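S.K.: Please read through the structure below; I'll follow up with questions.
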Amino acid sequence: MYLQHFGLRHPPLGKDAAELWDDGALAQLAERFQWLLQSPGLGLLTGEAGVGKTAALRLVTAKLNPHRYQVIYHAETDFGRADLYRCLAQSLGLQPSYRRAQLWRDIKAPIHHLADAKQLLPVWILDEAQNLPPEFFRDFPAFLNFAFDSRDLITVWLVGHPILAQTLERVSYAALAGRIQARVHLRPVLERERFAQLVGHALKSAGCAHTLLTDSGLELLRQASKGLPRHAGRILRTAMRLAVPRALNHLPDDLLQAAIEELR
């Protein structure tokens with residue numbers, strides 16, 4: 001209803017956005033991502049919840065050639081390590097074994113085949129990686145060892161909250177941390193000018209043809225969302241829904257405040 005009312009093609013700062021605002025951070029991620037396609041290895045992407053990590057990766061991976069790269073995305077990470085490897089095995093089209101040693105052998109064989117026979121690189125993205133079990137962090141370096149550690153046949157991105165980077169600094173995870181070849185940290189858009197650009201781009205790309213927010217309303221949105229695109233989008237969409245029964249074609253400050261209160 002609110003999309004039609006405001007003449008929008010999709011929700012601003014929503015999951016349907018085909019183009020993300022970028023003033024350099026996403027370009028850096030895309031560059032690092034390419035590094036690990038050309039030279040497979042382990043990448044670490046961190047950022048607060050709502051900063052846009054998954055959306056950025058979704059955009060980057062959407063452009064990949066499926067005949068050269070097999071993207072495997074898992075966000076269900078709060079399980080035992082064997083369950084995680086079984087998920088990987090199933091994504092590779094295998095019937096997973098319940099014995100971890102056999103499971104590893106079963107997984108590595110098709111990865112070798114993909115590399116040697118099809119020149120295809122698996123790209124395994126583990127979202128919410130701060131929830132991975134400690135034993136996974138400890139033995140994952142051994143899993144990544146192919147042919148006496150002479151070949152790198154899979155690219156893996158660990159994606160999660162900034163606490164993930166702190167966790168990997170522990171001495172017990174030094175072997176895993178030592179394998180990280182690319183690190184990217186996405187930050188909230190806290191600066192006023194940058195935040196205004198973010199919101200302006202989101203509204204324009206959604207099809208908004210006129211100004212919806214006052215300068216004070218934009219500042220209210222920035223402070224309430226703490227510069228996190230997901231939170232800003234939730235507030236905007238809630239305010240738009242509240243505007244429809246009032247027949248408003250803009251979002252006055254009191255309406256934004258009501259949306260903020262409703263979401264608390």
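Identifiers in this document derive from the order of the structure tokens: chains are assigned A, B, ..., residues are numbered from 1 separately in each chain, and ligands are numbered from 1 in order of occurrence.
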Show which residues sit within 9 Å of range 141-157 of chain A, as a PDB file with N, CA, C and O atoms, in the first residue's frame. Count only C-alpha atoms, and ignore same-chain residues fewer than 4 positions away.
M.R.:
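Output saved as part.pdb:
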```pdb
ATOM      1  N   PHE A  33      37.248  -9.401  -2.638  1.00  0.00           N
ATOM      2  CA  PHE A  33      36.547 -10.612  -3.065  1.00  0.00           C
ATOM      3  C   PHE A  33      37.196 -11.169  -4.330  1.00  0.00           C
ATOM      4  O   PHE A  33      37.394 -12.391  -4.458  1.00  0.00           O
ATOM      5  N   LEU A  36      40.382 -13.144  -3.739  1.00  0.00           N
ATOM      6  CA  LEU A  36      40.228 -14.522  -3.294  1.00  0.00           C
ATOM      7  C   LEU A  36      39.556 -15.411  -4.330  1.00  0.00           C
ATOM      8  O   LEU A  36      39.392 -16.608  -4.097  1.00  0.00           O
ATOM      9  N   LEU A  37      39.158 -14.842  -5.445  1.00  0.00           N
ATOM     10  CA  LEU A  37      38.737 -15.657  -6.579  1.00  0.00           C
ATOM     11  C   LEU A  37      39.949 -16.007  -7.437  1.00  0.00           C
ATOM     12  O   LEU A  37      40.077 -17.125  -7.937  1.00  0.00           O
ATOM     13  N   SER A  39      43.121 -15.901  -6.288  1.00  0.00           N
ATOM     14  CA  SER A  39      44.041 -16.659  -5.438  1.00  0.00           C
ATOM     15  C   SER A  39      43.244 -17.167  -4.239  1.00  0.00           C
ATOM     16  O   SER A  39      43.150 -16.488  -3.218  1.00  0.00           O
ATOM     17  N   PRO A  40      42.636 -18.352  -4.360  1.00  0.00           N
ATOM     18  CA  PRO A  40      41.699 -18.841  -3.339  1.00  0.00           C
ATOM     19  C   PRO A  40      42.297 -18.856  -1.939  1.00  0.00           C
ATOM     20  O   PRO A  40      43.488 -19.117  -1.742  1.00  0.00           O
ATOM     21  N   GLY A  41      41.445 -18.550  -0.974  1.00  0.00           N
ATOM     22  CA  GLY A  41      41.888 -18.517   0.408  1.00  0.00           C
ATOM     23  C   GLY A  41      40.758 -18.111   1.331  1.00  0.00           C
ATOM     24  O   GLY A  41      39.581 -18.206   0.980  1.00  0.00           O
ATOM     25  N   LEU A  42      41.136 -17.610   2.491  1.00  0.00           N
ATOM     26  CA  LEU A  42      40.188 -17.290   3.551  1.00  0.00           C
ATOM     27  C   LEU A  42      40.038 -15.781   3.703  1.00  0.00           C
ATOM     28  O   LEU A  42      41.025 -15.062   3.784  1.00  0.00           O
ATOM     29  N   GLY A  43      38.789 -15.312   3.735  1.00  0.00           N
ATOM     30  CA  GLY A  43      38.509 -13.896   3.938  1.00  0.00           C
ATOM     31  C   GLY A  43      37.670 -13.681   5.178  1.00  0.00           C
ATOM     32  O   GLY A  43      36.919 -14.577   5.604  1.00  0.00           O
ATOM     33  N   LEU A  44      37.787 -12.499   5.767  1.00  0.00           N
ATOM     34  CA  LEU A  44      37.039 -12.143   6.973  1.00  0.00           C
ATOM     35  C   LEU A  44      36.311 -10.827   6.728  1.00  0.00           C
ATOM     36  O   LEU A  44      36.936  -9.810   6.423  1.00  0.00           O
ATOM     37  N   LEU A  45      34.994 -10.853   6.848  1.00  0.00           N
ATOM     38  CA  LEU A  45      34.167  -9.654   6.693  1.00  0.00           C
ATOM     39  C   LEU A  45      33.408  -9.425   7.981  1.00  0.00           C
ATOM     40  O   LEU A  45      32.646 -10.293   8.425  1.00  0.00           O
ATOM     41  N   TRP A 104      35.120 -35.538   5.819  1.00  0.00           N
ATOM     42  CA  TRP A 104      36.144 -34.667   5.229  1.00  0.00           C
ATOM     43  C   TRP A 104      36.634 -35.241   3.899  1.00  0.00           C
ATOM     44  O   TRP A 104      36.771 -34.512   2.918  1.00  0.00           O
ATOM     45  N   LYS A 108      36.369 -33.409   0.239  1.00  0.00           N
ATOM     46  CA  LYS A 108      37.579 -32.983  -0.473  1.00  0.00           C
ATOM     47  C   LYS A 108      37.692 -33.601  -1.861  1.00  0.00           C
ATOM     48  O   LYS A 108      38.228 -32.973  -2.787  1.00  0.00           O
ATOM     49  N   ILE A 111      35.819 -31.497  -4.377  1.00  0.00           N
ATOM     50  CA  ILE A 111      36.483 -30.197  -4.518  1.00  0.00           C
ATOM     51  C   ILE A 111      37.694 -30.333  -5.437  1.00  0.00           C
ATOM     52  O   ILE A 111      37.938 -29.482  -6.303  1.00  0.00           O
ATOM     53  N   HIS A 112      38.451 -31.424  -5.265  1.00  0.00           N
ATOM     54  CA  HIS A 112      39.564 -31.713  -6.184  1.00  0.00           C
ATOM     55  C   HIS A 112      39.045 -31.874  -7.606  1.00  0.00           C
ATOM     56  O   HIS A 112      39.639 -31.352  -8.565  1.00  0.00           O
ATOM     57  N   LEU A 114      36.264 -30.687  -8.952  1.00  0.00           N
ATOM     58  CA  LEU A 114      35.797 -29.405  -9.491  1.00  0.00           C
ATOM     59  C   LEU A 114      36.967 -28.576 -10.008  1.00  0.00           C
ATOM     60  O   LEU A 114      36.879 -27.932 -11.062  1.00  0.00           O
ATOM     61  N   ALA A 115      38.078 -28.599  -9.262  1.00  0.00           N
ATOM     62  CA  ALA A 115      39.246 -27.810  -9.654  1.00  0.00           C
ATOM     63  C   ALA A 115      39.938 -28.390 -10.884  1.00  0.00           C
ATOM     64  O   ALA A 115      40.283 -27.660 -11.816  1.00  0.00           O
ATOM     65  N   LEU A 121      35.600 -23.133  -8.941  1.00  0.00           N
ATOM     66  CA  LEU A 121      36.013 -22.841  -7.571  1.00  0.00           C
ATOM     67  C   LEU A 121      34.798 -22.728  -6.651  1.00  0.00           C
ATOM     68  O   LEU A 121      33.927 -21.878  -6.873  1.00  0.00           O
ATOM     69  N   PRO A 122      34.714 -23.546  -5.608  1.00  0.00           N
ATOM     70  CA  PRO A 122      33.662 -23.348  -4.612  1.00  0.00           C
ATOM     71  C   PRO A 122      33.961 -22.107  -3.765  1.00  0.00           C
ATOM     72  O   PRO A 122      35.104 -21.886  -3.365  1.00  0.00           O
ATOM     73  N   VAL A 123      32.944 -21.306  -3.532  1.00  0.00           N
ATOM     74  CA  VAL A 123      33.060 -20.122  -2.671  1.00  0.00           C
ATOM     75  C   VAL A 123      32.072 -20.315  -1.531  1.00  0.00           C
ATOM     76  O   VAL A 123      30.860 -20.182  -1.711  1.00  0.00           O
ATOM     77  N   TRP A 124      32.594 -20.628  -0.356  1.00  0.00           N
ATOM     78  CA  TRP A 124      31.759 -20.961   0.803  1.00  0.00           C
ATOM     79  C   TRP A 124      31.664 -19.726   1.698  1.00  0.00           C
ATOM     80  O   TRP A 124      32.678 -19.258   2.223  1.00  0.00           O
ATOM     81  N   ILE A 125      30.460 -19.201   1.866  1.00  0.00           N
ATOM     82  CA  ILE A 125      30.224 -18.035   2.710  1.00  0.00           C
ATOM     83  C   ILE A 125      29.513 -18.482   3.984  1.00  0.00           C
ATOM     84  O   ILE A 125      28.407 -19.013   3.938  1.00  0.00           O
ATOM     85  N   LEU A 126      30.158 -18.275   5.109  1.00  0.00           N
ATOM     86  CA  LEU A 126      29.600 -18.629   6.415  1.00  0.00           C
ATOM     87  C   LEU A 126      29.185 -17.341   7.125  1.00  0.00           C
ATOM     88  O   LEU A 126      30.016 -16.635   7.691  1.00  0.00           O
ATOM     89  N   ASP A 127      27.898 -17.039   7.058  1.00  0.00           N
ATOM     90  CA  ASP A 127      27.369 -15.836   7.695  1.00  0.00           C
ATOM     91  C   ASP A 127      27.124 -16.111   9.177  1.00  0.00           C
ATOM     92  O   ASP A 127      27.042 -17.264   9.600  1.00  0.00           O
ATOM     93  N   PHE A 137      36.665 -23.574  14.690  1.00  0.00           N
ATOM     94  CA  PHE A 137      37.794 -22.659  14.492  1.00  0.00           C
ATOM     95  C   PHE A 137      39.126 -23.387  14.640  1.00  0.00           C
ATOM     96  O   PHE A 137      40.095 -23.075  13.946  1.00  0.00           O
ATOM     97  N   ALA A 175      46.337 -20.607  14.068  1.00  0.00           N
ATOM     98  CA  ALA A 175      46.498 -21.288  12.779  1.00  0.00           C
ATOM     99  C   ALA A 175      45.458 -20.806  11.773  1.00  0.00           C
ATOM    100  O   ALA A 175      45.760 -20.638  10.582  1.00  0.00           O
ATOM    101  N   LEU A 176      44.233 -20.564  12.244  1.00  0.00           N
ATOM    102  CA  LEU A 176      43.172 -20.081  11.357  1.00  0.00           C
ATOM    103  C   LEU A 176      43.407 -18.616  10.996  1.00  0.00           C
ATOM    104  O   LEU A 176      43.306 -18.232   9.820  1.00  0.00           O
ATOM    105  N   ARG A 179      45.755 -17.862   8.230  1.00  0.00           N
ATOM    106  CA  ARG A 179      45.340 -18.178   6.867  1.00  0.00           C
ATOM    107  C   ARG A 179      44.489 -17.066   6.244  1.00  0.00           C
ATOM    108  O   ARG A 179      44.177 -17.133   5.056  1.00  0.00           O
TER     109      ARG A 179
END
```
S.K.: Excluding Tyr98 in chain A and its own-chain neighbours fewer than 6 positions away, which residues fall within 12 Å of it when counting only C-alpha atoms? Please give them as a list in words.
M.R.: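 Skipping anything fewer than 6 positions along the chain leaves Arg81, Ala82, Asp83, Leu84, Tyr85, Arg86, Cys87, Ala89, Trp104, Arg105 and Asp106 of chain A.
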S.K.: Using backbone DSSP assignments, extract all alpha helix (DSSP H) residues from range 88-140 of chain A; output them as a ChimeraX atom specification.
M.R.: /A:88-91,100-117,134-140
S.K.: Could you name the residues that touch Ala165 in chain A at 8 Å or less, counting only C-alpha atoms, but leaving out those on the same chain fewer than 3 positions away, as a PyMOL selection string?
M.R.: chain A and resi 44+46+161-162+168-169
S.K.: Could you list, as a list in words, every residue within 9 Å of Leu190 in chain A, counting only C-alpha atoms and ignoring same-chain residues fewer than 5 positions away?
M.R.: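 Surrounding residues, per the criterion: Phe195, Arg222, Gln223, Lys226, Gly227 and Leu228 of chain A.
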S.K.: So which bits of range 7-253 of chain A end up strand (DSSP E) when you DSSP the backbone, as a ChimeraX atom specification?
M.R.: /A:42-47,69-74,121-126,155-160,180-186
S.K.: Counting only C-alpha atoms, which residue out of A:Leu203, A:Ile180, A:Ala75, A:Leu186 sits closest to Gln130 in chain A?
M.R.: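 Looking only at the distances to Gln130 in chain A, the closest residue turns out to be A:Ala75.
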S.K.: Sort by chain and increasing residue number a table of all residues of range 35-97 of chain A within 8 Å of range 12-30 of chain A, each with its closest pair of atoms and their distance in Å to one decimal, counting only C-alpha atoms, and write it as a tab-separated table.
M.R.:
```
residue	atom	partner	partner_atom	distance
A:Ala55	CA	A:Lys15	CA	7.3
A:Ala56	CA	A:Leu26	CA	6.8
A:Leu59	CA	A:Ala18	CA	7.8
A:Val60	CA	A:Ala30	CA	6.4
```
S.K.: Do a neighbour search on Leu3 in chain A at 12 Å with only C-alpha atoms, toss out local chain neighbours closer than 4 positions, and write the hits as an NGL selection string.
M.R.: :A and (7-12 or 203 or 206-208 or 236-241 or 243-244 or 249)
S.K.: Could you turn the residues from that selection into a file that holds C-alpha atoms, as a tab-separated table (two decimals), in the first residue's frame?
M.R.:
```tsv
chain	number	residue	atom	x	y	z
A	7	GLY	CA	5.15	5.86	-6.12
A	8	LEU	CA	8.01	3.53	-5.18
A	9	ARG	CA	9.27	0.51	-7.08
A	10	HIS	CA	10.58	-1.20	-3.95
A	11	PRO	CA	11.13	-0.38	-0.26
A	12	PRO	CA	13.97	2.09	0.35
A	203	LEU	CA	14.94	6.96	-2.08
A	206	ALA	CA	13.39	3.22	-5.17
A	207	GLY	CA	11.66	5.70	-7.46
A	208	CYS	CA	10.93	8.60	-5.11
A	236	LEU	CA	11.50	4.85	6.88
A	237	ARG	CA	9.14	2.05	5.92
A	238	THR	CA	7.23	2.28	9.20
A	239	ALA	CA	6.89	6.05	8.80
A	240	MET	CA	5.57	5.59	5.27
A	241	ARG	CA	2.95	3.15	6.48
A	243	ALA	CA	1.68	8.37	6.48
A	244	VAL	CA	-0.78	6.51	4.25
A	249	ASN	CA	3.04	12.66	0.70
```
S.K.: Can you work out the spacing between CA of Leu120 in chain A and CA of Thr54 in chain A in Å, to one decimal?
M.R.: 23.1 Å
